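**Student:** Handing you this structure, nothing more for now.
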Amino acid sequence: MTDTTFDADGITLEKVREYVWEVPQEGDMRTPARVLASEALLEEIKEDKTLEQIKNTTHLPGITNHAICMPDGHQGYGFPVGGVGALDAENGCISPGAVGYDINCGVRMMRTNLTYDDLQGREEELVDSLFANVPSGLGGGGIVKAGVDTVEEILERGVDWALENGHAVEEDLLHCEDEGVRTEADASKISQKAKDRGKNQIGSLGSGNHFLEVQRVTDVFDDAVGDAYGLEEDQIVVLIHCGSRGLGHQTCNDYLRKIEQQHQGLLNQLPDKELAAAPAGSQLAEDYYKAMNAAINFAWVNRQLIMHRTRQVFERVFDRSWEEMDMHLLYDVAHNIAKKETHAVGVGPEGRPVRDGDAVEHEERELYVHRKGATRAFPAGHPEVPKAYRDVGQPVIIPGSMGAGSYVLRGGENSMDLTFGSTAHGAGRLMSRTQAKNEYWGGDVQDELEQQEQIYVKAQSGATVAEEAPGVYKDVDEVVRVSDALGIGDKVARTFPVCNIKG
DNA sequence: ATGTAC
């Protein structure tokens with residue numbers, strides 16, 4: 001390691017500038033790979049296959065500018081969790097592994113006008129009531145029990161279905177990425193098996209790192225943006241982190257197998273089978289995109305039902321209407337998706353995308369922006385930022401571990417130039433689930449959190465608590481510090497857990 | 001992440 005390079009066991013990164021590192025283009029790489037991280041985070045990132053994977057990603061046809069690894073990057077299926085890959089939507093490809101198994105895993109934050117004082121002494125009652133009323137854990141059981149026809153409606157209509165069926169109010173849609181619906185969804189592109197898995201899971205948290213957390217706002221770093229978001233110190237908020245459950249998982253699996261079979265030519269060009277991709281314009285690329293959009297809609301309805309049920313739980317516990325408690329959706333943002341987006345891309349003399357320094361002009365290009373474990377972070381003024389937040393930028397919600405709290409950021413000024421409008425999505429794991437279960441015991445973790453931090457955790461399984469112990473995660477403060485310093489997602493507020501329910 | 005294994 002020198003001032004300008006970082007040696008990571010066989011892969012040498014060159015420092016472009018503070019927090020920007022590059023794996024130079026070589027061999028069959030189509031572009032360089034970039035890692036946005038501090039030296040401290042790089043020391044952790046280099047411990048697994050993250051760097052190799054982000055390098056592999058640059059082999060995908062149509063990769064534009066560079067494959068990008070976020071400060072919270074870690075190893076995933078083929079493509080790192082914490083990766084952004086913008087692939088040309090005309091001449092490139094789309095890759096299910098670069099979206100992730102949990103299609104539209106994401107987070108939403110709901111505000112309240114309660115303060116920490118209002119809750120103290122009632123944490124147990126609240127956590128018990130949430131746990132009893134919000135389905136969680138592996139397998140079936142959701143807030144809505146329905147048939148496949150209902151699933152199909154949800155797949156195509158997204159949160160609009162929830163609105164029509166009394167699980168949402170109009171404003172909920174406005175404060176959701178894409179207003180809670182991907183219109184290019186087609187339920188007929190989702191397998192019967194996936195729909196069958198989904199029909200018993202409409203409105204359910206799931207397991208693993210998914211949770212519902214009641215939190216208090218401990219810091220507001222930017223008063224003006226905090227104001228626009230309706231956040232102030234000591235306020236109680238609710239954070240919901242979950243995805244598309246078995247339906248999304250099945251959909252990812254279905255299309256990976258089909259793409260592996262039908263696009264072997266492309267597969268053979270790639271260094272890792274897990275990056276299997278369908279060429280833009282192919283039938284499977286179109287089908288996967290429509291299916292993925294449908295699974296995205298399912299996940300938004302899932303988070304919506306859980307949020308609305310949480311309003312009802314608060315109504316019972318605090319004996320007031322949710323409107324009186326000001327329980328409005330701040331924002332819902334996905335962190336496992338791909339989307340056709342138009343971005344300004346540097347183009348060389350032959351009209352092909354080139355690195356910015358070599359560009360003779362910039363052109364608007366349509367790209368499949370894959371964000372896997374990465375959050376959209378559009379800056380102020382972007383037309384896709386809801387009107388209420390347009391002047392300050394899109395809210396970005398970064399969940400931390402259950403002992404460390406979470407952050408609210410706003411899309412930064414540099415995000416469009418550096419990351420196709422994206423930033424990190426969380427703390428990132430430090431150790432595997434298996435390793436975590438050897439290091440921790442769920443009951444001990446729970447007792448310690450309650451006694452030392454006054455955090456009340458209730459889970460279906462002790463193993464899940466061990467797997468999610470605060471110590472298995474990277475330092476979320478450092479991840480957010482780097483995002484803020486790069487100007488891709490700026491710090492707005494920090495929260496700390498009060499009650500947490502999980503699978 | 002996931003009815004935690006093709």
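By convention here, the chains of the structure tokens are called A, B, ... in the order presented, each chain's residues are numbered starting at 1, and ligands are numbered starting at 1 in the order presented.
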Tell me as a list in words which residues belonging to chain A come within 7 Å of chain B, counting only C-alpha atoms (C1' of nucleotides).

**Tutor:**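 That gives Tyr101, Asp102, Gly139, Gly246 and His249 of chain A for chain A.
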
**Student:** With N, CA, C and O atoms retained, write the just-selected residues as a PDB file, in the first residue's frame.

**Tutor:**
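Here's the written file part-v4.pdb:
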ATOM      1  N   TYR A 101     -31.775 -11.504  -5.228  1.00  0.00           N
ATOM      2  CA  TYR A 101     -32.871 -12.454  -5.008  1.00  0.00           C
ATOM      3  C   TYR A 101     -34.081 -11.765  -4.401  1.00  0.00           C
ATOM      4  O   TYR A 101     -35.218 -12.086  -4.731  1.00  0.00           O
ATOM      5  N   ASP A 102     -33.848 -10.851  -3.486  1.00  0.00           N
ATOM      6  CA  ASP A 102     -34.992 -10.180  -2.865  1.00  0.00           C
ATOM      7  C   ASP A 102     -35.315  -8.909  -3.642  1.00  0.00           C
ATOM      8  O   ASP A 102     -34.873  -7.809  -3.312  1.00  0.00           O
ATOM      9  N   GLY A 139     -41.690 -18.452   6.007  1.00  0.00           N
ATOM     10  CA  GLY A 139     -42.917 -19.126   5.635  1.00  0.00           C
ATOM     11  C   GLY A 139     -44.104 -18.197   5.496  1.00  0.00           C
ATOM     12  O   GLY A 139     -43.948 -16.978   5.341  1.00  0.00           O
ATOM     13  N   GLY A 246     -41.092 -14.740  -0.665  1.00  0.00           N
ATOM     14  CA  GLY A 246     -40.863 -15.896  -1.527  1.00  0.00           C
ATOM     15  C   GLY A 246     -41.171 -15.612  -2.989  1.00  0.00           C
ATOM     16  O   GLY A 246     -40.564 -16.211  -3.886  1.00  0.00           O
ATOM     17  N   HIS A 249     -38.106 -14.028  -4.595  1.00  0.00           N
ATOM     18  CA  HIS A 249     -37.043 -15.023  -4.593  1.00  0.00           C
ATOM     19  C   HIS A 249     -37.273 -16.048  -5.704  1.00  0.00           C
ATOM     20  O   HIS A 249     -36.368 -16.370  -6.481  1.00  0.00           O
TER      21      HIS A 249
END

**Student:** Can you list, as a PyMOL selection string, every protein, DNA or RNA residue that comes within 9 Å of A:Pro71 when you count only C-alpha atoms (C1' of nucleotides), leaving out same-chain residues fewer than 2 positions away?

**Tutor:** chain A and resi 19+35-38+41-42+45+69+73+82+423-424+427-428+478-480+482-483

**Student:** For stretch 296-313 of chain A, please output as an MDAnalysis selection string all residues within 6 Å (counting only C-alpha atoms (C1' of nucleotides); exclusion window: fewer than 2 positions along the same chain).

**Tutor:** chainID A and resid 104 154:155 158:159 167 181 202:203 243:244 293:294 315:316 322

**Student:** Do you know which residues are at most 10 Å from A:Pro135 counting only C-alpha atoms (C1' of nucleotides), after dropping those on the same chain fewer than 5 positions away, and could you put them as a CSV table (one decimal) with all heavy atoms, in the first residue's frame?

**Tutor:**
chain,number,residue,atom,x,y,z
A,130,LEU,N,-47.0,-5.0,18.5
A,130,LEU,CA,-46.5,-5.0,17.1
A,130,LEU,C,-46.2,-6.4,16.7
A,130,LEU,O,-46.6,-6.9,15.6
A,130,LEU,CB,-45.2,-4.1,17.0
A,130,LEU,CG,-45.5,-2.6,17.0
A,130,LEU,CD1,-44.1,-1.9,17.2
A,130,LEU,CD2,-46.1,-2.1,15.7
A,140,GLY,N,-45.3,-18.8,5.6
A,140,GLY,CA,-46.5,-18.0,5.2
A,140,GLY,C,-47.2,-17.3,6.4
A,140,GLY,O,-46.7,-17.3,7.5
A,141,GLY,N,-48.3,-16.7,6.0
A,141,GLY,CA,-49.1,-15.9,7.0
A,141,GLY,C,-48.8,-14.4,6.8
A,141,GLY,O,-47.8,-13.9,7.1
A,142,GLY,N,-49.8,-13.8,6.1
A,142,GLY,CA,-49.7,-12.3,5.9
A,142,GLY,C,-50.9,-11.6,6.4
A,142,GLY,O,-51.8,-12.2,6.9
A,143,ILE,N,-50.9,-10.3,6.3
A,143,ILE,CA,-52.0,-9.4,6.8
A,143,ILE,C,-53.2,-9.7,6.0
A,143,ILE,O,-54.3,-9.8,6.5
A,143,ILE,CB,-51.5,-7.9,6.8
A,143,ILE,CG1,-50.5,-7.7,7.9
A,143,ILE,CG2,-52.8,-7.0,6.9
A,143,ILE,CD1,-49.8,-6.3,7.8
A,201,GLN,N,-48.3,-14.5,1.8
A,201,GLN,CA,-47.2,-13.6,2.4
A,201,GLN,C,-47.5,-12.1,2.1
A,201,GLN,O,-46.6,-11.3,2.2
A,201,GLN,CB,-45.9,-14.0,1.9
A,201,GLN,CG,-45.5,-15.5,2.1
A,201,GLN,CD,-44.1,-15.9,1.6
A,201,GLN,OE1,-43.7,-15.4,0.6
A,201,GLN,NE2,-43.5,-16.7,2.4
A,202,ILE,N,-48.7,-11.8,1.8
A,202,ILE,CA,-49.0,-10.4,1.5
A,202,ILE,C,-49.2,-9.6,2.8
A,202,ILE,O,-50.1,-9.7,3.6
A,202,ILE,CB,-50.4,-10.3,0.7
A,202,ILE,CG1,-50.4,-11.2,-0.5
A,202,ILE,CG2,-50.6,-8.8,0.3
A,202,ILE,CD1,-51.7,-11.4,-1.1
A,203,GLY,N,-48.2,-8.8,3.1
A,203,GLY,CA,-48.1,-8.1,4.4
A,203,GLY,C,-47.4,-8.9,5.4
A,203,GLY,O,-48.0,-9.4,6.4
A,204,SER,N,-46.1,-9.2,5.2
A,204,SER,CA,-45.4,-10.0,6.2
A,204,SER,C,-43.9,-9.6,6.1
A,204,SER,O,-43.4,-9.3,5.0
A,204,SER,CB,-45.5,-11.5,5.9
A,204,SER,OG,-44.9,-11.8,4.6
A,205,LEU,N,-43.3,-9.5,7.3
A,205,LEU,CA,-41.9,-9.0,7.3
A,205,LEU,C,-40.8,-10.0,6.7
A,205,LEU,O,-39.9,-9.6,6.1
A,205,LEU,CB,-41.5,-8.8,8.8
A,205,LEU,CG,-41.8,-7.4,9.4
A,205,LEU,CD1,-41.4,-7.5,10.9
A,205,LEU,CD2,-41.1,-6.3,8.7
A,206,GLY,N,-41.0,-11.3,7.0
A,206,GLY,CA,-40.0,-12.2,6.6
A,206,GLY,C,-39.0,-12.4,7.7
A,206,GLY,O,-39.2,-12.1,8.9
A,306,ILE,N,-47.9,-3.4,6.0
A,306,ILE,CA,-47.2,-3.5,7.3
A,306,ILE,C,-47.3,-2.1,8.0
A,306,ILE,O,-47.6,-1.9,9.2
A,306,ILE,CB,-45.8,-4.0,7.2
A,306,ILE,CG1,-45.8,-5.4,6.8
A,306,ILE,CG2,-45.0,-3.8,8.5
A,306,ILE,CD1,-44.4,-6.0,6.3
A,460,GLN,N,-39.1,-14.0,16.2
A,460,GLN,CA,-39.6,-15.4,16.1
A,460,GLN,C,-38.5,-16.4,16.5
A,460,GLN,O,-38.8,-17.4,17.1
A,460,GLN,CB,-40.0,-15.7,14.7
A,460,GLN,CG,-41.2,-14.8,14.2
A,460,GLN,CD,-42.5,-15.2,14.7
A,460,GLN,OE1,-42.6,-16.2,15.4
A,460,GLN,NE2,-43.5,-14.4,14.4
A,501,ILE,N,-39.0,-5.5,16.0
A,501,ILE,CA,-39.5,-6.9,15.8
A,501,ILE,C,-38.9,-7.4,14.6
A,501,ILE,O,-38.7,-6.7,13.6
A,501,ILE,CB,-41.1,-6.9,15.8
A,501,ILE,CG1,-41.6,-6.2,14.6
A,501,ILE,CG2,-41.7,-6.4,17.1
A,501,ILE,CD1,-43.1,-6.5,14.3
A,502,LYS,N,-38.7,-8.7,14.6
A,502,LYS,CA,-38.1,-9.3,13.4
A,502,LYS,C,-38.5,-10.8,13.3
A,502,LYS,O,-39.1,-11.3,14.2
A,502,LYS,CB,-36.6,-9.2,13.5
A,502,LYS,CG,-35.9,-9.8,14.7
A,502,LYS,CD,-34.6,-9.2,15.1
A,502,LYS,CE,-33.6,-9.0,14.0
A,502,LYS,NZ,-33.5,-7.7,13.5
A,503,GLY,N,-38.0,-11.4,12.2
A,503,GLY,CA,-38.3,-12.9,12.1
A,503,GLY,C,-37.5,-13.7,13.0
A,503,GLY,O,-37.7,-14.8,13.3

**Student:** Can you check which residues of stretch 149-228 of chain A DSSP gives as helix (DSSP H, G or I) on the backbone and send them as a PyMOL selection string?

**Tutor:** chain A and resi 149-157+159-164+170-174+177-180+187-189+192-199+223-228

**Student:** Can you tell me which residues surround A:Leu270 at a distance of at most 12 Å, considering only C-alpha atoms (C1' of nucleotides), apart from same-chain residues fewer than 2 positions away, and format the answer as a PDB file with C-alpha atoms, in the first residue's frame?

**Tutor:**
ATOM      1  CA  ASP A  28     -11.734  -8.588 -20.973  1.00  0.00           C
ATOM      2  CA  MET A  29     -12.928  -5.829 -18.662  1.00  0.00           C
ATOM      3  CA  ARG A  30     -15.017  -3.375 -20.693  1.00  0.00           C
ATOM      4  CA  GLN A  53     -17.133  -9.481  -8.141  1.00  0.00           C
ATOM      5  CA  LYS A  55     -14.338  -6.428 -11.389  1.00  0.00           C
ATOM      6  CA  ASN A  56     -16.299  -9.291 -12.972  1.00  0.00           C
ATOM      7  CA  THR A  57     -19.257  -6.986 -13.439  1.00  0.00           C
ATOM      8  CA  THR A  58     -17.267  -4.882 -15.905  1.00  0.00           C
ATOM      9  CA  HIS A  59     -17.408  -7.838 -18.313  1.00  0.00           C
ATOM     10  CA  LEU A  60     -21.151  -7.380 -18.811  1.00  0.00           C
ATOM     11  CA  PRO A  61     -22.036  -6.032 -22.265  1.00  0.00           C
ATOM     12  CA  GLY A  78     -22.423 -12.833  -8.616  1.00  0.00           C
ATOM     13  CA  SER A  95     -28.864  -9.410 -15.093  1.00  0.00           C
ATOM     14  CA  GLU A 260     -28.593 -19.542 -18.173  1.00  0.00           C
ATOM     15  CA  HIS A 263     -28.202 -17.221 -23.399  1.00  0.00           C
ATOM     16  CA  GLN A 264     -25.239 -19.508 -23.025  1.00  0.00           C
ATOM     17  CA  GLY A 265     -23.256 -17.525 -25.594  1.00  0.00           C
ATOM     18  CA  LEU A 266     -23.315 -14.469 -23.372  1.00  0.00           C
ATOM     19  CA  LEU A 267     -22.826 -16.600 -20.278  1.00  0.00           C
ATOM     20  CA  ASN A 268     -19.616 -18.041 -21.691  1.00  0.00           C
ATOM     21  CA  ASP A 272     -18.904 -15.903 -13.271  1.00  0.00           C
ATOM     22  CA  LYS A 273     -22.015 -17.913 -14.123  1.00  0.00           C
ATOM     23  CA  GLU A 274     -23.864 -16.039 -11.380  1.00  0.00           C
ATOM     24  CA  LEU A 275     -23.780 -12.896 -13.529  1.00  0.00           C
ATOM     25  CA  ALA A 276     -26.015 -14.587 -16.160  1.00  0.00           C
ATOM     26  CA  ALA A 277     -27.659 -11.866 -18.231  1.00  0.00           C
TER      27      ALA A 277
END

**Student:** From a backbone DSSP assignment, name each residue in stretch 106-211 of chain A labelled strand (DSSP E or B), as an MDAnalysis selection string.

**Tutor:** chainID A and resid 106:115 144 176 202 211

**Student:** Applying 10 Å and only C-alpha atoms (C1' of nucleotides), which residues near stretch 186-197 of chain A remain after dropping the ones on its own chain fewer than 2 positions away? List them as a PyMOL selection string.

**Tutor:** (chain A and resi 139-140+147-157+182-184+199-202+245-255+284+286-295) or (chain B and resi 3)

**Student:** Which residues are close to A:Gly443, i.e. within 10 Å by only C-alpha atoms (C1' of nucleotides), leaving aside same-chain residues fewer than 6 positions away? Reply as a list of chain:residue names.

**Tutor:**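 Skipping anything fewer than 6 positions along the chain leaves A:Leu449, A:Val457, A:Ser461, A:Gly462, A:Ala463, A:Val465, A:Ala466.
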